[in-house]
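*Asks:* My questions all concern the structure below.
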Amino acid sequence: MNKILIIGACGQIGTALTEKLREDYGNENVIASDIREGGKEMMESGPFEIVDATSKERILEVVKKHEVKQVYLMAAMLSATAEKYPQKGWELNMTSLLAVLDLAKEKYIDKVFWPSSMAVFGSTSPKINTPQQTIMEPTTVYGISKVAGEHWCNYYHEKYGVDVRSIRYPGIISWKSLPGGGTTDYAVDIYFEALKKGSFECFLSEDTRLPMMYMEDAIDATVNIMKANPECVKTRTSYNLAAISFTPKEIAQEIKNYIPDFEITYKPDFRQDIADSWPRIIDDSAARKDWGWEHAYDLTSMTKDIITNLKKHEELLS
């Protein structure tokens, strides 16, 4: 079969995606790569390459070596981190995308996945049921890079016929891997801190509602859009994607069903301004209509699954 390359495989989503794709297509057919080595399971379960995502030459070298035909470009500097290092964030997020799109244009690879984000929306975008097509005036480097990237994807598809597919991730929650510098990271940290300390200090206010998604749903969406027939993928900028929306207060209440003495306090920081510019609820009807997107987890089922698994894997809490 055609080999798959994951760039940024050691990140929060990349780790789970590598595991899923190796299950589906065979360990030997999925090449993981990152700027650094991954965990033991990733390194031992299949091929791994050290790759600087901004180096087109190095990516091409790996593509030729392994006869890769599909690339999932997961490398990125996320919202909170990119605000601290704006030029580095822009360079990583844009240079890596253009490198991979060029390789597809030059026919070295056949299909590209690139993730966008709800960060493309800004304070002028509708906050409730944010439409697929609407005003996009992001106020973060991460959001600016994602808006630009969406239009580059569409440009390469329209002008060169590149089969590039994209979804706008909401906040992603996982118990298997730690987050990487995003504004929605609190919704991952809160579970770890609840089990370790019985308390959590949140960097967002208690009523900050944001679109979120359990990692299993995010991976299913990522894999399924790549499996979809090309004629079903009618949006070549990026698809809205949604599952659940909740506040820190609501997630804390769910956790108290398992840890009754859990306490949460609130100390909003610079990430509050970022969160306030984002949607509360996203309309993803286009993805559901075009290629059959469906989510499986709500806040209650997600919380149960995370706490059950973290209790089974106490080493993750150390």
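Each chain of the structure tokens is named A, B, ... in the order shown, its residues numbered from 1; ligands are numbered from 1 in display order.
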Please identify all polymer residues within 12 Å of Ser301 (chain A), counting only C-alpha atoms, omitting same-chain residues fewer than 6 positions from it, and present them as a list in words.

*Replies:*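 Using only C-alpha atoms, the neighbours found are Met213, Tyr214, Glu216, Ile244, Ile251, Glu254, Ile255, His295, Ile307 and Thr308 of chain A.
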
*Asks:* Next, write the just-selected residues to a file, as a tab-separated table (two decimals), in the first residue's frame, keeping N, CA and C atoms as the atom set.

*Replies:*
```tsv
chain	number	residue	atom	x	y	z
A	213	MET	N	-13.42	18.73	22.13
A	213	MET	CA	-13.61	17.42	21.50
A	213	MET	C	-12.67	16.42	22.15
A	214	TYR	N	-13.18	15.22	22.39
A	214	TYR	CA	-12.34	14.14	22.92
A	214	TYR	C	-11.42	13.65	21.80
A	216	GLU	N	-10.44	10.77	20.79
A	216	GLU	CA	-10.92	9.69	19.93
A	216	GLU	C	-11.78	10.22	18.79
A	244	ILE	N	-18.61	19.03	21.48
A	244	ILE	CA	-19.20	19.51	22.72
A	244	ILE	C	-18.65	20.88	23.06
A	251	ILE	N	-17.10	21.37	33.61
A	251	ILE	CA	-16.21	20.20	33.63
A	251	ILE	C	-15.83	19.85	35.07
A	254	GLU	N	-18.57	17.78	36.59
A	254	GLU	CA	-18.52	16.38	36.14
A	254	GLU	C	-17.46	15.60	36.92
A	255	ILE	N	-16.32	16.23	37.14
A	255	ILE	CA	-15.24	15.57	37.88
A	255	ILE	C	-15.67	15.28	39.32
A	295	HIS	N	-19.77	12.80	15.94
A	295	HIS	CA	-18.98	12.62	17.16
A	295	HIS	C	-19.64	11.59	18.05
A	307	ILE	N	-11.13	9.52	33.42
A	307	ILE	CA	-10.82	9.18	34.82
A	307	ILE	C	-10.60	7.69	34.98
A	308	THR	N	-11.40	6.87	34.30
A	308	THR	CA	-11.21	5.41	34.36
A	308	THR	C	-9.82	5.02	33.85
```

*Asks:* As a VMD selection string, which residues of region 131-211 of chain A does DSSP assign to strand (DSSP E)?

*Replies:* chain A and resid 163 to 165 167 to 169 171 to 173 199 to 202 210 to 211

*Asks:* If we count only C-alpha atoms and set the cut-off at 9 Å, which residues sit around Asp305 (chain A), ignoring sequence neighbours fewer than 5 positions away in its own chain? Please answer as a PyMOL selection string.

*Replies:* chain A and resi 175+300+310

*Asks:* Keeping only C-alpha atoms, write the selected residues to a file as a short mmCIF file (atom, residue, chain, number, x, y, z; two decimals), in the first residue's frame.

*Replies:*
```cif
data_model
loop_
_atom_site.label_atom_id
_atom_site.label_comp_id
_atom_site.auth_asym_id
_atom_site.auth_seq_id
_atom_site.Cartn_x
_atom_site.Cartn_y
_atom_site.Cartn_z
CA TRP A 175 -5.50 11.39 28.75
CA THR A 300 -20.22 12.94 30.69
CA LEU A 310 -5.97 7.56 34.30
#
```

*Asks:* Given the choices A:Arg22, A:His151, A:Lys304, A:Lys105, which gets closest to Lys256 (chain A) if the distance is worked out from only C-alpha atoms?

*Replies:*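 Once distances to Lys256 (chain A) are computed over only C-alpha atoms, the minimum belongs to A:Lys304.
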
*Asks:* Return the single residue from A:Thr134, A:Asn240, A:Ser33, A:Thr95 that is closest to Val62 (chain A), with distances computed using only C-alpha atoms.

*Replies:*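 Counting only C-alpha atoms, the residue closest to Val62 (chain A) is A:Ser33.
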